[in-house]
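entry.txt (compact mmCIF, C-alpha atoms)
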```
# COMPACT_ATOMS: atom_id res chain seq x y z
CA MET Y 8 0.00 0.00 0.00
CA LEU Y 9 2.91 2.34 0.74
CA ILE Y 10 4.18 1.75 -2.79
CA LEU Y 11 0.75 2.65 -4.21
CA LEU Y 12 0.68 5.88 -2.20
CA LEU Y 13 4.18 6.79 -3.35
CA ILE Y 14 3.30 6.02 -6.99
CA VAL Y 15 0.25 8.28 -6.80
CA LEU Y 16 2.36 11.05 -5.24
CA LEU Y 17 5.03 10.53 -7.93
CA VAL Y 18 2.54 10.94 -10.77
CA VAL Y 19 0.92 13.98 -9.10
CA PHE Y 20 4.30 15.68 -8.55
CA ALA Y 21 5.37 14.97 -12.14
CA PHE Y 22 2.11 16.40 -13.48
CA GLN Y 23 2.50 19.49 -11.31
CA ALA Y 24 6.05 19.94 -12.65
CA ILE Y 25 4.59 20.18 -16.16
CA ARG Y 26 1.51 22.20 -15.17
CA ALA Y 27 3.17 24.81 -12.90
CA GLY Y 28 3.24 28.28 -14.41
CA LYS Y 29 6.58 29.40 -13.02
CA LEU Y 30 9.80 27.66 -13.91
CA LEU Y 31 11.06 27.77 -10.34
CA SER Y 32 8.00 25.96 -8.95
CA SER Y 33 8.25 23.51 -11.82
CA THR Y 34 11.84 22.77 -10.80
CA LEU Y 35 10.84 22.27 -7.17
CA TRP Y 36 8.07 19.84 -8.18
CA LEU Y 37 10.67 17.95 -10.24
CA ALA Y 38 12.96 17.76 -7.21
CA GLY Y 39 10.03 16.35 -5.22
CA THR Y 40 9.49 13.75 -7.95
CA SER Y 41 13.13 12.71 -7.62
CA ALA Y 42 12.87 12.48 -3.83
CA ILE Y 43 9.77 10.24 -4.03
CA LEU Y 44 11.43 8.13 -6.72
CA SER Y 45 14.42 7.57 -4.45
CA LEU Y 46 12.05 6.47 -1.64
CA ILE Y 47 10.50 3.93 -4.02
CA PHE Y 48 13.98 2.69 -4.97
CA TYR Y 49 14.81 2.29 -1.29
CA LEU Y 50 11.68 0.21 -0.77
CA LEU Y 51 12.63 -1.94 -3.77
CA GLU Y 52 16.02 -2.72 -2.14
CA ALA Y 53 17.94 -0.62 -4.67
CA ARG Y 54 19.67 1.45 -2.01
CA GLN Y 55 22.74 2.63 -3.90
CA VAL Y 56 20.66 4.00 -6.78
CA ALA Y 57 18.28 5.59 -4.25
CA VAL Y 58 21.17 7.57 -2.78
CA ILE Y 59 22.52 8.54 -6.21
CA GLU Y 60 19.06 9.61 -7.42
CA LEU Y 61 18.49 11.68 -4.29
CA SER Y 62 21.83 13.46 -4.52
CA VAL Y 63 21.97 13.87 -8.30
CA GLY Y 64 18.29 14.10 -9.29
CA ALA Y 65 16.98 16.08 -6.35
CA GLY Y 66 20.21 17.93 -5.57
CA LEU Y 67 22.59 18.64 -8.43
CA VAL Y 68 20.07 18.90 -11.26
CA THR Y 69 17.78 21.14 -9.18
CA VAL Y 70 20.68 23.49 -8.35
CA LEU Y 71 21.60 23.62 -12.05
CA PHE Y 72 18.00 24.44 -12.99
CA VAL Y 73 17.81 27.19 -10.37
CA ILE Y 74 21.08 28.75 -11.60
CA ALA Y 75 19.86 28.58 -15.21
CA ILE Y 76 16.53 30.19 -14.27
CA ASN Y 77 18.41 32.95 -12.44
CA ILE Y 78 20.48 33.65 -15.55
CA ALA Y 79 17.78 33.23 -18.18
CA GLY Y 80 14.91 34.74 -16.19
CA ASP Y 81 11.58 33.26 -15.17
CA GLU Y 82 9.41 35.00 -17.73
CA PRO Y 83 5.99 33.43 -18.30
CA ILE Y 84 5.57 32.33 -21.91
CA GLU Y 85 2.16 32.56 -23.57
CA SER Y 86 0.31 29.49 -22.40
CA ARG Y 87 -1.21 28.51 -25.75
CA SER Y 88 0.56 25.33 -26.78
CA ILE Y 89 1.33 24.44 -30.39
CA PRO Y 90 -1.04 21.43 -30.50
CA PRO Y 91 -4.20 22.21 -28.48
CA ARG Y 92 -3.93 21.01 -24.87
CA LEU Y 93 -6.92 18.70 -25.22
CA VAL Y 94 -5.43 16.96 -28.24
CA ALA Y 95 -2.09 16.54 -26.43
CA ALA Y 96 -3.84 15.16 -23.33
CA GLY Y 97 -5.90 12.80 -25.51
CA LEU Y 98 -2.78 11.51 -27.26
CA ALA Y 99 -1.01 10.99 -23.93
CA LEU Y 100 -4.04 9.10 -22.56
CA VAL Y 101 -4.26 6.94 -25.71
CA PHE Y 102 -0.56 6.15 -25.28
CA PHE Y 103 -1.11 5.31 -21.61
CA PHE Y 104 -4.03 2.95 -22.25
CA LEU Y 105 -2.49 1.26 -25.32
CA MET Y 106 0.78 0.62 -23.48
CA GLY Y 107 -1.12 -0.53 -20.41
CA TRP Y 108 -3.22 -2.88 -22.53
CA TYR Y 109 -0.01 -4.30 -23.99
CA VAL Y 110 2.17 -4.43 -20.86
CA LEU Y 111 -0.10 -5.17 -17.90
CA PRO Y 112 -1.41 -8.63 -18.90
CA MET Y 113 2.15 -9.94 -19.27
CA PRO Y 114 2.54 -13.07 -17.13
CA SER Y 115 5.96 -12.03 -15.85
CA LEU Y 116 4.32 -9.13 -14.01
CA THR Y 117 2.42 -11.38 -11.66
CA VAL Y 118 4.99 -14.13 -11.22
CA MET Y 119 8.20 -13.22 -9.48
CA ALA Y 120 11.06 -15.11 -11.03
CA ALA Y 121 13.96 -15.95 -8.76
CA GLY Y 122 17.32 -15.18 -10.30
CA THR Y 123 20.89 -15.50 -9.15
CA GLU Y 124 21.82 -12.30 -7.41
CA SER Y 125 25.31 -10.85 -7.31
CA SER Y 126 26.48 -7.63 -5.69
CA LEU Y 127 26.32 -4.28 -7.45
CA GLY Y 128 30.11 -3.95 -7.49
CA ILE Y 129 30.57 -7.21 -9.39
CA VAL Y 130 27.80 -6.42 -11.86
CA LEU Y 131 28.90 -2.83 -12.43
CA TRP Y 132 32.67 -3.29 -12.71
CA GLN Y 133 32.93 -6.79 -14.16
CA GLN Y 134 29.79 -7.71 -16.07
CA ARG Y 135 28.88 -4.21 -17.25
CA GLY Y 136 32.39 -2.78 -17.52
CA LEU Y 137 31.66 -1.36 -20.97
CA ASP Y 138 28.81 0.67 -19.49
CA VAL Y 139 31.22 2.30 -17.03
CA LEU Y 140 33.55 3.17 -19.92
CA VAL Y 141 30.64 4.67 -21.85
CA GLN Y 142 29.66 6.68 -18.75
CA ALA Y 143 33.18 8.09 -18.45
CA VAL Y 144 33.19 9.08 -22.13
CA LEU Y 145 29.72 10.56 -21.73
CA ILE Y 146 30.75 12.67 -18.74
CA PHE Y 147 33.88 13.86 -20.58
CA SER Y 148 31.96 14.81 -23.72
CA GLY Y 149 29.25 16.43 -21.61
CA VAL Y 150 31.80 18.63 -19.82
CA LEU Y 151 33.42 19.58 -23.15
CA GLY Y 152 30.01 20.38 -24.64
CA LEU Y 153 29.14 22.48 -21.60
CA LEU Y 154 32.40 24.43 -21.81
CA GLY Y 155 31.75 25.07 -25.49
CA LEU Y 156 28.21 26.23 -24.85
CA LEU Y 157 29.03 28.48 -21.92
CA ALA Y 158 32.10 30.06 -23.55
CA GLU Y 159 31.65 33.79 -24.02
CA ASP Y 160 32.46 35.50 -27.29
CA LYS Y 161 35.73 37.44 -27.12
CA PRO Y 162 37.26 39.37 -30.01
CA PRO Y 163 40.30 37.54 -31.36
CA LEU Y 164 43.74 39.02 -30.66
CA GLU Y 165 45.02 41.03 -33.60
CA GLY Y 166 48.76 40.47 -33.07
CA SER Y 167 50.57 38.04 -30.83
CA ALA Y 168 49.50 37.83 -27.19
CA ALA Y 169 52.80 39.39 -26.02
CA GLU Y 170 52.30 42.48 -28.22
CA GLU Y 171 48.75 42.85 -26.97
CA VAL Y 172 49.91 42.75 -23.35
CA MET Y 173 52.73 45.25 -24.08
CA THR Y 174 50.39 47.78 -25.66
CA ARG Y 175 47.99 47.47 -22.73
CA ARG Y 176 50.84 48.05 -20.26
CA GLU Y 177 52.04 51.10 -22.23
CA ASP Y 178 48.52 52.55 -22.21
CA GLU Y 179 48.31 52.04 -18.44
CA MET Y 180 51.75 53.64 -17.91
CA ASN Y 181 50.78 56.64 -20.06
CA ALA Y 182 47.59 57.08 -18.07
CA LEU Y 183 49.56 56.93 -14.81
CA GLU Y 184 52.13 59.49 -16.02
CA LYS Y 185 49.36 61.85 -17.08
CA GLY Y 186 47.77 61.51 -13.64
CA VAL Y 187 51.06 62.25 -11.88
CA ALA Y 188 51.69 65.30 -14.10
CA ARG Y 189 48.22 66.60 -13.35
CA LEU Y 190 48.77 66.17 -9.60
CA GLU Y 191 52.11 68.07 -9.79
CA GLU Y 192 50.41 70.95 -11.65
CA MET Y 193 47.69 71.14 -9.04
CA GLN Y 194 50.30 71.27 -6.23
CA ARG Y 195 52.02 74.22 -7.92
CA MET N 11 -5.05 -10.02 -12.99
CA ILE N 12 -3.72 -9.90 -9.42
CA LEU N 13 -2.91 -6.43 -8.14
CA SER N 14 0.71 -6.97 -7.20
CA PRO N 15 3.08 -4.10 -6.33
CA PHE N 16 4.67 -4.53 -9.72
CA ILE N 17 1.37 -3.69 -11.43
CA PHE N 18 1.35 -0.42 -9.49
CA LEU N 19 4.94 0.25 -10.52
CA ALA N 20 4.14 -0.51 -14.17
CA ILE N 21 1.19 1.91 -13.99
CA GLY N 22 3.54 4.49 -12.45
CA VAL N 23 6.03 4.03 -15.28
CA LEU N 24 3.29 4.41 -17.88
CA GLY N 25 1.88 7.46 -16.05
CA LEU N 26 5.28 9.16 -16.00
CA LEU N 27 5.79 8.36 -19.69
CA GLY N 28 2.34 9.79 -20.53
CA ILE N 29 3.02 12.97 -18.51
CA GLY N 30 6.45 13.36 -20.11
CA PHE N 31 5.04 13.04 -23.65
CA TYR N 32 2.24 15.45 -22.77
CA GLY N 33 4.84 17.93 -21.49
CA LEU N 34 6.91 17.61 -24.66
CA MET N 35 3.82 18.34 -26.76
CA VAL N 36 2.44 21.19 -24.68
CA CYS N 37 5.44 23.13 -23.34
CA ARG N 38 6.90 26.00 -25.32
CA ASN N 39 9.58 27.05 -22.87
CA LEU N 40 12.97 25.49 -23.64
CA ILE N 41 13.78 24.85 -19.95
CA LYS N 42 10.32 23.32 -19.40
CA ILE N 43 11.02 20.94 -22.28
CA VAL N 44 14.18 19.79 -20.47
CA ILE N 45 12.01 19.20 -17.38
CA ALA N 46 9.64 17.05 -19.49
CA LEU N 47 12.65 15.07 -20.74
CA GLN N 48 13.73 14.56 -17.12
CA ILE N 49 10.32 13.09 -16.29
CA LEU N 50 10.58 10.71 -19.26
CA GLU N 51 14.00 9.56 -18.07
CA LYS N 52 12.69 9.04 -14.54
CA ALA N 53 10.10 6.69 -16.03
CA ALA N 54 12.89 4.68 -17.67
CA LEU N 55 14.76 4.64 -14.36
CA LEU N 56 11.76 3.34 -12.45
CA GLY N 57 11.18 0.71 -15.13
CA PHE N 58 14.73 -0.63 -14.84
CA ILE N 59 14.68 -0.80 -11.06
CA ALA N 60 11.20 -2.35 -10.91
CA ALA N 61 12.07 -4.99 -13.53
CA GLY N 62 15.34 -5.81 -11.77
CA SER N 63 13.70 -5.98 -8.38
CA PHE N 64 10.90 -8.29 -9.45
CA ASN N 65 13.17 -10.61 -11.42
CA GLY N 66 15.52 -11.02 -8.48
CA GLN N 67 18.32 -9.11 -10.23
CA VAL N 68 18.42 -5.84 -8.35
CA ALA N 69 22.15 -5.33 -9.03
CA LEU N 70 21.70 -5.55 -12.80
CA GLY N 71 18.78 -3.12 -12.66
CA GLN N 72 20.82 -0.76 -10.50
CA SER N 73 23.79 -0.94 -12.84
CA LEU N 74 21.62 0.00 -15.82
CA ALA N 75 19.89 2.68 -13.76
CA ILE N 76 23.25 4.29 -12.91
CA THR N 77 23.97 4.55 -16.65
CA VAL N 78 20.57 6.16 -17.17
CA ILE N 79 21.23 8.65 -14.32
CA VAL N 80 24.55 9.69 -15.89
CA ALA N 81 22.98 10.13 -19.33
CA ASP N 82 20.03 11.94 -17.73
CA THR N 83 22.30 14.42 -15.94
CA ILE N 84 24.36 15.10 -19.06
CA VAL N 85 21.17 15.70 -21.07
CA ALA N 86 19.93 18.11 -18.39
CA VAL N 87 23.24 19.99 -18.21
CA ILE N 88 23.56 20.35 -22.00
CA GLY N 89 19.89 21.30 -22.33
CA ILE N 90 20.16 23.95 -19.63
CA ALA N 91 23.36 25.40 -21.11
CA LEU N 92 21.73 25.46 -24.54
CA GLY N 93 18.71 27.25 -23.08
CA VAL N 94 20.89 29.88 -21.40
CA GLN N 95 22.84 30.50 -24.61
CA VAL N 96 19.66 30.69 -26.71
CA ARG N 97 18.23 33.20 -24.25
CA ARG N 98 21.44 35.30 -24.44
CA GLN N 99 21.64 35.25 -28.23
CA MET N 100 17.97 35.38 -29.24
CA GLY N 101 16.38 36.99 -26.20
CA THR N 102 13.63 34.38 -25.85
CA LEU N 103 13.08 30.83 -24.64
CA ASP N 104 9.88 30.28 -26.61
CA VAL N 105 10.43 27.43 -29.09
CA HIS N 106 7.64 28.75 -31.30
CA ASP N 107 9.47 32.07 -31.74
CA LEU N 108 12.77 30.28 -32.24
CA SER N 109 11.38 28.02 -34.96
CA SER N 110 10.08 31.03 -36.88
CA LEU N 111 13.50 32.72 -36.92
CA ARG N 112 15.17 32.82 -40.33
CA GLY N 113 18.77 33.25 -41.41
```

Hey, can you dump this file as structure tokens for me?
Amino acid sequence: MLILLLIVLLVVFAFQAIRAGKLLSSTLWLAGTSAILSLIFYLLEARQVAVIELSVGAGLVTVLFVIAINIAGDEPIESRSIPPRLVAAGLALVFFFLMGWYVLPMPSLTVMAAGTESSLGIVLWQQRGLDVLVQAVLIFSGVLGLLGLLAEDKPPLEGSAAEEVMTRREDEMNALEKGVARLEEMQR
Amino acid sequence: MILSPFIFLAIGVLGLLGIGFYGLMVCRNLIKIVIALQILEKAALLGFIAAGSFNGQVALGQSLAITVIVADTIVAVIGIALGVQVRRQMGTLDVHDLSSLRG
């Protein structure tokens, strides 16, 4: 029964995340969805993933969203969607019922099969080692992509970097000398 | 059909998928679209863990779920950065306005 309650809460939170008018409230509903999801994982004995989901899904991603909303602004966009809302809701419901009709009568859903269980460390590092490699590559490419996206446009240097620095220094020195000369004149 | 916990979980997965697709169709804000994608990926995550748990292979489900979490986070980070840059360059986050831009 606890699982049923959590599932209902999960769906309600997810729907609120889509329905909320402000981006910030939407982000907070999403964080709540992640927190409930991690509770469900904990109940399903998947404790490591529960911790990761709670820290990454409800923590890191939420902080990133909040920073992005601070930078980009939380302006409300005209609520008229491109397909009418009713059509979109109808399509989503049709998807839900068709998938349910296909998935729910499956016999494996009612019969729990007993499998051989090994620890997460063995599965992750030995059996699914390629996945870990892919994750590392994914993180690396994600960081590179992020750096490329967040890079600010700067005008390219016209000469070599050393010349550029020298001219800047000369300009600063000239400005300083002018200031000193002006001070001396004022003292006289 | 017996109402086992797995039936509830399967309904939850389908519900999250439905809400995610609805969000992708309805939302016009670029950051909101990333939020809809996050909900879709949470459905996949729940599906993996539920299937692993009820087949007695929690570790395998967890291992796949960790991969999904990494991919999910990278998608969110890239999507957010893209949204911020689009807002800086074009001055709007509305996908309808962006799609009508020419040049």

Can you work out the spacing between CA of Ser88 in chain Y and CA of Phe22 in chain Y in Å, to one decimal?
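These atoms are spaced 16.1 Å apart.
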
Neighbour residues at most 12 Å from (22.7, 26.3, -24.4) (all atoms listed in the file) as a compact mmCIF listing (two decimals) with C-alpha atoms, in the coordinates of the input:
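Once written, point.txt looks like this:
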```
# COMPACT_ATOMS: atom_id res chain seq x y z
CA ALA Y 75 19.86 28.58 -15.21
CA ILE Y 78 20.48 33.65 -15.55
CA ALA Y 79 17.78 33.23 -18.18
CA GLY Y 152 30.01 20.38 -24.64
CA LEU Y 153 29.14 22.48 -21.60
CA LEU Y 154 32.40 24.43 -21.81
CA GLY Y 155 31.75 25.07 -25.49
CA LEU Y 156 28.21 26.23 -24.85
CA LEU Y 157 29.03 28.48 -21.92
CA ALA Y 158 32.10 30.06 -23.55
CA GLU Y 159 31.65 33.79 -24.02
CA LEU N 40 12.97 25.49 -23.64
CA ILE N 41 13.78 24.85 -19.95
CA VAL N 44 14.18 19.79 -20.47
CA VAL N 85 21.17 15.70 -21.07
CA ALA N 86 19.93 18.11 -18.39
CA VAL N 87 23.24 19.99 -18.21
CA ILE N 88 23.56 20.35 -22.00
CA GLY N 89 19.89 21.30 -22.33
CA ILE N 90 20.16 23.95 -19.63
CA ALA N 91 23.36 25.40 -21.11
CA LEU N 92 21.73 25.46 -24.54
CA GLY N 93 18.71 27.25 -23.08
CA VAL N 94 20.89 29.88 -21.40
CA GLN N 95 22.84 30.50 -24.61
CA VAL N 96 19.66 30.69 -26.71
CA ARG N 97 18.23 33.20 -24.25
CA ARG N 98 21.44 35.30 -24.44
CA GLN N 99 21.64 35.25 -28.23
CA MET N 100 17.97 35.38 -29.24
CA LEU N 103 13.08 30.83 -24.64
```

Excluding range 97-100 of chain Y and residues on its chain fewer than 5 positions from it, collect all residues at most 9 Å away from it, counting only C-alpha atoms, and give them as a VMD selection string.
(chain Y and resid 92 105) or (chain N and resid 25 27 to 32)

Could you make a table, as a Markdown table, of the residues of chain N that have an atom within 12 Å of an atom of range 55-64 of chain Y, each with its nearest atom pair and distance in Å to one decimal, counting all atoms listed in the file, in chain and number order?
```
| residue | atom | partner | partner_atom | distance |
| --- | --- | --- | --- | --- |
| N:Ile45 | CA | Y:Gly64 | CA | 11.4 |
| N:Gln48 | CA | Y:Gly64 | CA | 9.1 |
| N:Ile49 | CA | Y:Gly64 | CA | 10.7 |
| N:Glu51 | CA | Y:Gly64 | CA | 10.8 |
| N:Lys52 | CA | Y:Gly64 | CA | 9.2 |
| N:Leu55 | CA | Y:Glu60 | CA | 9.6 |
| N:Leu56 | CA | Y:Val56 | CA | 10.6 |
| N:Phe58 | CA | Y:Val56 | CA | 11.0 |
| N:Ile59 | CA | Y:Val56 | CA | 8.8 |
| N:Val68 | CA | Y:Val56 | CA | 10.2 |
| N:Ala69 | CA | Y:Gln55 | CA | 9.5 |
| N:Leu70 | CA | Y:Val56 | CA | 11.3 |
| N:Gly71 | CA | Y:Val56 | CA | 9.4 |
| N:Gln72 | CA | Y:Val56 | CA | 6.0 |
| N:Ser73 | CA | Y:Val56 | CA | 8.4 |
| N:Leu74 | CA | Y:Val56 | CA | 9.9 |
| N:Ala75 | CA | Y:Val56 | CA | 7.1 |
| N:Ile76 | CA | Y:Val56 | CA | 6.7 |
| N:Thr77 | CA | Y:Val56 | CA | 10.4 |
| N:Val78 | CA | Y:Glu60 | CA | 10.5 |
| N:Ile79 | CA | Y:Glu60 | CA | 7.3 |
| N:Val80 | CA | Y:Val63 | CA | 9.0 |
| N:Ala81 | CA | Y:Val63 | CA | 11.7 |
| N:Asp82 | CA | Y:Gly64 | CA | 8.9 |
| N:Thr83 | CA | Y:Val63 | CA | 7.7 |
| N:Ile84 | CA | Y:Val63 | CA | 11.1 |
| N:Ala86 | CA | Y:Gly64 | CA | 10.1 |
| N:Val87 | CA | Y:Val63 | CA | 11.7 |
```

Which polymer residues have any atom within 10 Å of an atom of Gly39 in chain Y, counting only C-alpha atoms, with same-chain residues fewer than 2 positions away left out, as a list in words?
Leu16, Leu17, Phe20, Ala21, Ala24, Ser33, Thr34, Leu35, Trp36, Leu37, Ser41, Ala42, Ile43, Leu44, Ser45, Leu61, Gly64, Ala65 and Thr69 of chain Y

If the box runs along x, y and z of the file and leaves 3 Å on each side of range 72-80 of chain Y, what are its centre and edge lengths in Å, one decimal, as AutoDock Vina command-line options?
```
--center_x 18.0 --center_y 29.6 --center_z -14.3 --size_x 12.2 --size_y 16.3 --size_z 13.8
```

In terms of the shortest atom-to-atom distance over all atoms listed in the file, which of N:Leu47, N:Leu26, N:Gly33, N:Leu19 is closest to Ala95 in chain Y?
N:Gly33

Which residue out of Y:Val141, Y:Ala38, Y:Ala182, Y:Ile89 has the minimum interatomic distance to Asn39 in chain N when all atoms listed in the file are used?
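Comparing Y:Val141, Y:Ala38, Y:Ala182, Y:Ile89 against Asn39 in chain N, the winner is Y:Ile89.
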
As an exercise, work out the distance from CA of Val94 in chain Y to CA of Gly28 in chain Y in Å and give it to one decimal place.
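Here the two named atoms are 19.9 Å from each other.
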
For a quick check of understanding, using all atoms listed in the file, which of Y:Ala188, Y:Leu140, Y:Ala53, Y:Ala168 has the smallest distance to chain N?
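Among the listed residues, Y:Ala53 lies closest to chain N.
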
Which one of Y:Leu151, Y:Glu184, Y:Asp81, Y:Leu111 sits closest to chain N if you count all atoms listed in the file?
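The answer is Y:Leu111, which sits nearest to chain N.
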
Just the number, please: distance in Å from CA of Val105 in chain N to CA of Met35 in chain N, one decimal.
11.5 Å

Tell me which of Y:Gly149, Y:Val172, Y:Gly80, Y:Leu50 sits closest to chain N, counting only C-alpha atoms.
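Nearest candidate to chain N out of Y:Gly149, Y:Val172, Y:Gly80, Y:Leu50: Y:Gly149.
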
At a cut-off of 8 Å from (-0.2, -0.6, -3.9) in the coordinates of the file, what residues are picked up using all atoms listed in the file, written as a PyMOL selection string?
(chain Y and resi 8-12) or (chain N and resi 13-15+18)

Selection to disk with C-alpha atoms, as a CSV table (one decimal), keeping the file's coordinate frame:
```
chain,number,residue,atom,x,y,z
Y,8,MET,CA,0.0,0.0,0.0
Y,9,LEU,CA,2.9,2.3,0.7
Y,10,ILE,CA,4.2,1.8,-2.8
Y,11,LEU,CA,0.8,2.6,-4.2
Y,12,LEU,CA,0.7,5.9,-2.2
N,13,LEU,CA,-2.9,-6.4,-8.1
N,14,SER,CA,0.7,-7.0,-7.2
N,15,PRO,CA,3.1,-4.1,-6.3
N,18,PHE,CA,1.4,-0.4,-9.5
```
